[in-house]
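S.K.: One structure follows; several queries about it will come next.
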Amino acid sequence: MGAAAARKTQEADYVRDLGRAFGGALLFSLPLLMTMEMWALGHAATPERRLAFIVISLPVLFGLAHYAGFSARRGALNNLLDTLTALAAGFVTAGGLLALFNVLDRSSLASAVGQVSLQAVPAALGALVARRQLSNGAGEGDEDQASYPGELFLMLAGALYFAMNVAPTEEMRLIAYRATPMGALGVLLLSVLLLHLIVFEAGFAGQEDKESPLRAFIDFTLPGYALCLIASFAMLWTFGALDGHGLQSLAANVVILAFPAAIGAAAARLLV
Amino acid sequence: MILAVVGILSRAVVVEARPPDLIVQAESVRRASGGWVLDVTVVNRGDLTAAAVEVEGVSGDETAHATLDYVPGHGRKAAALVFSGDERPNAALRVLGWSSP
């Protein structure tokens with residue numbers, strides 16, 4: 001009797017976790033599912049880049065499963081299972097909604113699969129941070145004990161989480177083209193300044209009483225911003241937004257996208 | 001890496017920005033179901049970005065057009081011009097115009 005009851009709670013827990021994963025996937029990916037550029041990118045982005053996008057995102061998703069995840073279970077195997085379940089939830093969410101909106105390109109299987117797979121990754125990202133965002137208060141995540149590389153990883157995840165929603169839009173390119181070099185430099189300085197202020201004010205675990213602002217600037221702000229630059233370069237490259245660009249317009253594009261990335265990285269504690 | 005980005009942008013602040021300066025280069029001609037397809041590349045030698053770039057190719061009495069959304073400063077973008085004639089086109093290429101982004 002006792003074992004059967006325990007099994008029943010376990011199953012109920014699993015269903016609740018799964019519901020949470022779908023909720024998180026929806027919460028994060030709905031803006032992207034309703035963005036026209038993302039539909040077109042399903043077939044406009046080259047297959048190699050789409051594949052690279054999914055392969056590169058796997059370790060990021062796995063890391064997120066470790067620090068956040070949608071279930072309370074831990075351990076490498078459970079993290080792997082969580083990652084795969086999140087991806088599956090992402091594929092179902094993206095495929096279902098794109099089909100419902102009737103925006104799936106049915107002319108060829110390759111482009112329809114491309115559209116869904118490109119959207120499934122951000123949806124999986126949303127699913128993996130669901131516990132943090134959708135559970136009522138109980139902050140049982142491992143991020144409180146995150147090591148220094150762990151903190152940097154969380155910043156990267158925050159950057160991806162926040163900047164991914166605007167990365168595919170044409171507005172990002174337009175801002176980069178319209179911004180003067182001085183303006184782009186201003187955006188860069190503002191990104192670093194805000195990143196530092198939010199990181200230092202919001203405070204990474206037990207850091208504010210031990211570290212001076214300068215120390216935090218060197219330890220968190222500068223590497224954090226470098227990660228933002230890498231993340232925005234990677235996203236823009238995937239979406240083909242950097243093709244045929246000169247060095248200066250490439251730098252402008254990366255810096256403009258690194259602004260929302262920096263805000264996301266700084267607020268990583270709140271987001272993921 | 002941050003320094004490299006700052007360096008690139010700072011250099012652009014100091015150096016005076018030149019307006020878009022576009023040229024069209026023919027890349028290759030291939031047979032396609034709609035006739036001949038002439039692949040061209042538009043190269044921007046200026047510092048500023050050109051938007052809504054219109055490209056024209058004239059081969060014999062046939063004229064083909066293509067429009068590019070953006071050609072970034074010191075960047076290059078590809079376009080294709082289609083000719084329906086039987087003969088392999090030998091097109092005179094030019095950029096008709098562009099606007100600021």
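Naming works like this for the structure tokens: A, B, ... for the chains as they're shown, residue 1 at the start of each chain, ligands 1 onward in shown order.
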Let's see if you can do this: from backbone DSSP, list all alpha helix (DSSP H) residues in chain B, as an MDAnalysis selection string.

M.R.: chainID B and resid 2:14

S.K.: Kindly assemble as a Markdown table a list of the chain A residues that lie within 7 Å of chain B, each paired with its nearest atom pair and their distance in Å to one decimal, using only C-alpha atoms, sorted first by chain and then by ascending residue number.

M.R.:
| residue | atom | partner | partner_atom | distance |
| --- | --- | --- | --- | --- |
| A:Leu174 | CA | B:Pro101 | CA | 6.6 |
| A:Tyr177 | CA | B:Thr49 | CA | 6.1 |
| A:Arg178 | CA | B:Pro101 | CA | 6.4 |
| A:Pro181 | CA | B:Val13 | CA | 5.3 |
| A:Met182 | CA | B:Val13 | CA | 5.8 |
| A:Leu185 | CA | B:Leu9 | CA | 6.4 |
| A:Ala226 | CA | B:Ile2 | CA | 6.2 |
| A:Gly244 | CA | B:Arg76 | CA | 4.6 |
| A:His245 | CA | B:Gly75 | CA | 4.2 |
| A:Gly246 | CA | B:His74 | CA | 4.5 |
| A:Gln248 | CA | B:Ile8 | CA | 6.2 |
| A:Ser249 | CA | B:Gly73 | CA | 6.3 |
| A:Ala251 | CA | B:Val5 | CA | 6.1 |

S.K.: Would you save the residues of that selection, restricted to N, CA and C atoms, as a PDB file, in the first residue's frame?

M.R.:
ATOM      1  N   LEU A 174      18.827  47.174 -38.122  1.00  0.00           N
ATOM      2  CA  LEU A 174      18.554  48.565 -38.460  1.00  0.00           C
ATOM      3  C   LEU A 174      19.195  49.496 -37.430  1.00  0.00           C
ATOM      4  N   TYR A 177      22.858  49.650 -38.064  1.00  0.00           N
ATOM      5  CA  TYR A 177      23.235  50.436 -39.234  1.00  0.00           C
ATOM      6  C   TYR A 177      23.024  51.921 -38.993  1.00  0.00           C
ATOM      7  N   ARG A 178      21.994  52.244 -38.213  1.00  0.00           N
ATOM      8  CA  ARG A 178      21.689  53.657 -37.985  1.00  0.00           C
ATOM      9  C   ARG A 178      22.605  54.267 -36.924  1.00  0.00           C
ATOM     10  N   PRO A 181      29.270  55.335 -35.012  1.00  0.00           N
ATOM     11  CA  PRO A 181      30.292  54.643 -34.220  1.00  0.00           C
ATOM     12  C   PRO A 181      30.308  55.130 -32.775  1.00  0.00           C
ATOM     13  N   MET A 182      30.111  56.457 -32.608  1.00  0.00           N
ATOM     14  CA  MET A 182      30.062  57.029 -31.268  1.00  0.00           C
ATOM     15  C   MET A 182      28.881  56.436 -30.489  1.00  0.00           C
ATOM     16  N   LEU A 185      29.657  52.930 -29.435  1.00  0.00           N
ATOM     17  CA  LEU A 185      30.564  52.957 -28.276  1.00  0.00           C
ATOM     18  C   LEU A 185      29.788  53.299 -27.009  1.00  0.00           C
ATOM     19  N   ALA A 226      32.221  39.967 -21.934  1.00  0.00           N
ATOM     20  CA  ALA A 226      32.860  39.204 -23.014  1.00  0.00           C
ATOM     21  C   ALA A 226      31.955  38.035 -23.437  1.00  0.00           C
ATOM     22  N   GLY A 244      28.558  38.728 -45.064  1.00  0.00           N
ATOM     23  CA  GLY A 244      28.885  39.838 -45.948  1.00  0.00           C
ATOM     24  C   GLY A 244      29.055  41.165 -45.251  1.00  0.00           C
ATOM     25  N   HIS A 245      29.447  41.134 -43.984  1.00  0.00           N
ATOM     26  CA  HIS A 245      29.637  42.382 -43.258  1.00  0.00           C
ATOM     27  C   HIS A 245      31.106  42.731 -43.143  1.00  0.00           C
ATOM     28  N   GLY A 246      31.396  44.036 -43.193  1.00  0.00           N
ATOM     29  CA  GLY A 246      32.740  44.506 -42.898  1.00  0.00           C
ATOM     30  C   GLY A 246      32.951  44.464 -41.403  1.00  0.00           C
ATOM     31  N   GLN A 248      33.624  46.748 -39.199  1.00  0.00           N
ATOM     32  CA  GLN A 248      32.986  47.775 -38.371  1.00  0.00           C
ATOM     33  C   GLN A 248      31.481  47.519 -38.211  1.00  0.00           C
ATOM     34  N   SER A 249      30.798  47.175 -39.306  1.00  0.00           N
ATOM     35  CA  SER A 249      29.353  46.940 -39.180  1.00  0.00           C
ATOM     36  C   SER A 249      29.099  45.643 -38.413  1.00  0.00           C
ATOM     37  N   ALA A 251      31.018  44.637 -35.882  1.00  0.00           N
ATOM     38  CA  ALA A 251      31.188  45.023 -34.477  1.00  0.00           C
ATOM     39  C   ALA A 251      29.948  45.756 -33.978  1.00  0.00           C
TER      40      ALA A 251
END

S.K.: Taking only C-alpha atoms into account, which of B:Ala79, B:Gly97, B:Val55, B:Ser28 comes nearest Thr41 in chain B?

M.R.: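 Of B:Ala79, B:Gly97, B:Val55, B:Ser28, the one nearest Thr41 in chain B, counting only C-alpha atoms, is B:Ala79.
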
S.K.: Between CA of Phe62 in chain A and CA of Gly264 in chain A, measure the distance and give it in Å to one decimal.

M.R.: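 Straight-line distance from CA of Phe62 in chain A to CA of Gly264 in chain A works out to 19.1 Å.
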
S.K.: From the list B:Val40, B:Asn90, B:Val29, B:Gly46, which residue is nearest Thr67 in chain B when using only C-alpha atoms?

M.R.: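 Distance minimum relative to Thr67 in chain B lands on B:Val40.
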
S.K.: If you count only C-alpha atoms, which residues fall within 10 Å of range 233-243 of chain A, apart from same-chain ones fewer than 5 positions away, as a ChimeraX atom specification?

M.R.: /A:37-38,41-42,44-53,56,118,160,163-164,167-170,172-173,227-228,249-251,253-255,257-258 /B:72,75-77

S.K.: Restricting it to C-alpha atoms, dump the selection as a PDB file, in the first residue's frame.

M.R.:
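Final output, out.pdb:
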ATOM      1  CA  GLU A  37      11.806  36.508 -39.046  1.00  0.00           C
ATOM      2  CA  MET A  38      11.906  33.231 -37.122  1.00  0.00           C
ATOM      3  CA  LEU A  41      14.886  31.665 -40.821  1.00  0.00           C
ATOM      4  CA  GLY A  42      13.645  28.090 -40.712  1.00  0.00           C
ATOM      5  CA  ALA A  44      16.779  30.904 -44.863  1.00  0.00           C
ATOM      6  CA  ALA A  45      19.465  29.849 -42.350  1.00  0.00           C
ATOM      7  CA  THR A  46      21.765  27.219 -43.842  1.00  0.00           C
ATOM      8  CA  PRO A  47      21.227  23.634 -42.614  1.00  0.00           C
ATOM      9  CA  GLU A  48      24.781  23.432 -41.193  1.00  0.00           C
ATOM     10  CA  ARG A  49      24.155  26.483 -39.031  1.00  0.00           C
ATOM     11  CA  ARG A  50      20.814  25.189 -37.840  1.00  0.00           C
ATOM     12  CA  LEU A  51      22.485  21.927 -36.895  1.00  0.00           C
ATOM     13  CA  ALA A  52      25.363  23.775 -35.205  1.00  0.00           C
ATOM     14  CA  PHE A  53      22.798  25.847 -33.295  1.00  0.00           C
ATOM     15  CA  ILE A  56      26.002  23.989 -29.410  1.00  0.00           C
ATOM     16  CA  LEU A 118      15.031  26.449 -34.727  1.00  0.00           C
ATOM     17  CA  LEU A 160      20.936  34.054 -24.142  1.00  0.00           C
ATOM     18  CA  ALA A 163      18.718  38.503 -26.067  1.00  0.00           C
ATOM     19  CA  MET A 164      17.349  35.533 -28.015  1.00  0.00           C
ATOM     20  CA  ALA A 167      18.186  38.594 -31.983  1.00  0.00           C
ATOM     21  CA  PRO A 168      16.321  37.456 -35.114  1.00  0.00           C
ATOM     22  CA  THR A 169      14.431  40.705 -35.696  1.00  0.00           C
ATOM     23  CA  GLU A 170      15.367  43.138 -38.419  1.00  0.00           C
ATOM     24  CA  MET A 172      18.523  44.843 -34.453  1.00  0.00           C
ATOM     25  CA  ARG A 173      20.256  45.247 -37.824  1.00  0.00           C
ATOM     26  CA  LEU A 227      30.405  36.274 -22.750  1.00  0.00           C
ATOM     27  CA  CYS A 228      27.623  38.614 -23.922  1.00  0.00           C
ATOM     28  CA  SER A 249      29.353  46.940 -39.180  1.00  0.00           C
ATOM     29  CA  LEU A 250      29.937  43.464 -37.725  1.00  0.00           C
ATOM     30  CA  ALA A 251      31.188  45.023 -34.477  1.00  0.00           C
ATOM     31  CA  ASN A 253      25.730  44.520 -34.871  1.00  0.00           C
ATOM     32  CA  VAL A 254      27.354  42.464 -32.098  1.00  0.00           C
ATOM     33  CA  VAL A 255      27.526  45.412 -29.685  1.00  0.00           C
ATOM     34  CA  LEU A 257      22.672  42.816 -29.481  1.00  0.00           C
ATOM     35  CA  ALA A 258      25.104  42.567 -26.559  1.00  0.00           C
TER      36      ALA A 258
ATOM     37  CA  PRO B  72      26.514  47.119 -44.969  1.00  0.00           C
ATOM     38  CA  GLY B  75      30.331  44.462 -46.837  1.00  0.00           C
ATOM     39  CA  ARG B  76      29.059  42.434 -49.781  1.00  0.00           C
ATOM     40  CA  LYS B  77      25.673  40.935 -50.557  1.00  0.00           C
TER      41      LYS B  77
END

S.K.: Using CA of Leu156 in chain A and CA of Arg16 in chain A as the two end points, give the distance in Å to one decimal.

M.R.: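 Separation of CA of Leu156 in chain A and CA of Arg16 in chain A: 28.0 Å.
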
S.K.: Give the answer as one residue: which of A:Pro223, A:Gly126, A:Pro260, A:Pro59 has the shortest atom-to-atom distance to Thr93 in chain A, using only C-alpha atoms?

M.R.: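 Ranked by minimum distance to Thr93 in chain A, first place goes to A:Gly126.
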
S.K.: Just asking: which residues within chain B are strand (DSSP E or B) according to DSSP, as an NGL selection string?

M.R.: :B and (22-32 or 35-44 or 50-59 or 62-71 or 76-83 or 92-99)

S.K.: Considering only C-alpha atoms, return as a PyMOL selection string whatever protein or nucleic-acid residues lie within 7 Å of Val82 in chain B, sequence-local ones (same chain, fewer than 3 positions apart) excluded.

M.R.: chain B and resi 35-38+64

S.K.: Taking C-alpha atoms for each residue, export the selection above as a PDB file, in the first residue's frame.

M.R.:
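See again.pdb below for the written result:
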ATOM      1  CA  GLY B  35      15.966  31.110 -68.455  1.00  0.00           C
ATOM      2  CA  TRP B  36      19.419  32.329 -67.465  1.00  0.00           C
ATOM      3  CA  VAL B  37      20.320  33.316 -63.934  1.00  0.00           C
ATOM      4  CA  LEU B  38      23.130  35.801 -63.482  1.00  0.00           C
ATOM      5  CA  ALA B  64      16.366  42.514 -65.178  1.00  0.00           C
TER       6      ALA B  64
END

S.K.: Would you pick out the contacts of Ala89 in chain A at 10 Å or less, using only C-alpha atoms, so that residues sharing its chain but fewer than 5 positions from it are not included, and give the list as a list in words?

M.R.: Leu18, Gly19, Ala21, Phe22, Gly23, Gly24, Ala25, Leu26, Thr83, Leu84, Ala94, Gly95, Ala120, Val121, Ala123, Ala124, Gly126 and Ala127 of chain A

S.K.: Please indicate the distance in Å from CA of Glu201 in chain A to CA of Ile230 in chain A, rounded to one decimal place.

M.R.: 24.4 Å

S.K.: Within 12 Å of range 31-34 of chain B, counting only C-alpha atoms, which residues show up once you throw out same-chain ones fewer than 4 positions away? Write them as an MDAnalysis selection string, please.

M.R.: chainID B and resid 38:39 80:89

S.K.: For the residues selected in the previous step, produce a file with C-alpha atoms as a PDB file, in the first residue's frame.

M.R.:
ATOM      1  CA  LEU B  38      23.130  35.801 -63.482  1.00  0.00           C
ATOM      2  CA  ASP B  39      24.514  35.808 -59.941  1.00  0.00           C
ATOM      3  CA  ALA B  80      20.415  37.199 -58.841  1.00  0.00           C
ATOM      4  CA  LEU B  81      19.187  38.649 -62.145  1.00  0.00           C
ATOM      5  CA  VAL B  82      17.019  36.522 -64.412  1.00  0.00           C
ATOM      6  CA  PHE B  83      17.007  36.752 -68.223  1.00  0.00           C
ATOM      7  CA  SER B  84      14.502  34.806 -70.259  1.00  0.00           C
ATOM      8  CA  GLY B  85      16.196  34.880 -73.682  1.00  0.00           C
ATOM      9  CA  ASP B  86      17.712  31.830 -75.338  1.00  0.00           C
ATOM     10  CA  GLU B  87      21.158  33.306 -75.641  1.00  0.00           C
ATOM     11  CA  ARG B  88      23.585  33.422 -72.796  1.00  0.00           C
ATOM     12  CA  PRO B  89      23.208  36.978 -71.402  1.00  0.00           C
TER      13      PRO B  89
END

S.K.: Leaving out Ala40 in chain A and any residue of its chain fewer than 4 positions from it, which residues lie within 10 Å of it when counting only C-alpha atoms, given as a VMD selection string?

M.R.: chain A and resid 35 to 36 44 to 45 103 to 105 111 114 to 115 168

S.K.: Any chance you could export the current selection's N, CA and C atoms as a PDB file, in the first residue's frame?

M.R.:
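Heads up, here's the output in out-v5.pdb:
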ATOM      1  N   THR A  35       7.152  35.693 -34.167  1.00  0.00           N
ATOM      2  CA  THR A  35       8.025  36.624 -34.890  1.00  0.00           C
ATOM      3  C   THR A  35       8.252  36.120 -36.312  1.00  0.00           C
ATOM      4  N   MET A  36       7.970  36.995 -37.268  1.00  0.00           N
ATOM      5  CA  MET A  36       8.022  36.610 -38.671  1.00  0.00           C
ATOM      6  C   MET A  36       9.406  36.156 -39.116  1.00  0.00           C
ATOM      7  N   ALA A  44      15.747  29.992 -44.367  1.00  0.00           N
ATOM      8  CA  ALA A  44      16.779  30.904 -44.863  1.00  0.00           C
ATOM      9  C   ALA A  44      18.149  30.573 -44.271  1.00  0.00           C
ATOM     10  N   ALA A  45      18.190  30.204 -42.973  1.00  0.00           N
ATOM     11  CA  ALA A  45      19.465  29.849 -42.350  1.00  0.00           C
ATOM     12  C   ALA A  45      19.941  28.531 -42.961  1.00  0.00           C
ATOM     13  N   VAL A 103       1.541  28.818 -39.977  1.00  0.00           N
ATOM     14  CA  VAL A 103       2.695  29.497 -40.565  1.00  0.00           C
ATOM     15  C   VAL A 103       3.793  28.505 -40.932  1.00  0.00           C
ATOM     16  N   LEU A 104       3.531  27.200 -40.678  1.00  0.00           N
ATOM     17  CA  LEU A 104       4.511  26.187 -41.068  1.00  0.00           C
ATOM     18  C   LEU A 104       4.613  26.158 -42.584  1.00  0.00           C
ATOM     19  N   ASP A 105       5.845  26.150 -43.084  1.00  0.00           N
ATOM     20  CA  ASP A 105       6.046  26.076 -44.524  1.00  0.00           C
ATOM     21  C   ASP A 105       5.905  24.619 -44.946  1.00  0.00           C
ATOM     22  N   SER A 111      12.063  22.474 -44.825  1.00  0.00           N
ATOM     23  CA  SER A 111      11.879  23.802 -44.241  1.00  0.00           C
ATOM     24  C   SER A 111      10.945  23.757 -43.038  1.00  0.00           C
ATOM     25  N   GLY A 114      13.038  22.548 -40.304  1.00  0.00           N
ATOM     26  CA  GLY A 114      13.951  23.631 -39.945  1.00  0.00           C
ATOM     27  C   GLY A 114      13.276  24.661 -39.067  1.00  0.00           C
ATOM     28  N   GLN A 115      12.062  25.031 -39.441  1.00  0.00           N
ATOM     29  CA  GLN A 115      11.333  26.020 -38.658  1.00  0.00           C
ATOM     30  C   GLN A 115      11.106  25.541 -37.231  1.00  0.00           C
ATOM     31  N   PRO A 168      16.631  37.687 -33.709  1.00  0.00           N
ATOM     32  CA  PRO A 168      16.321  37.456 -35.114  1.00  0.00           C
ATOM     33  C   PRO A 168      15.655  38.641 -35.811  1.00  0.00           C
TER      34      PRO A 168
END
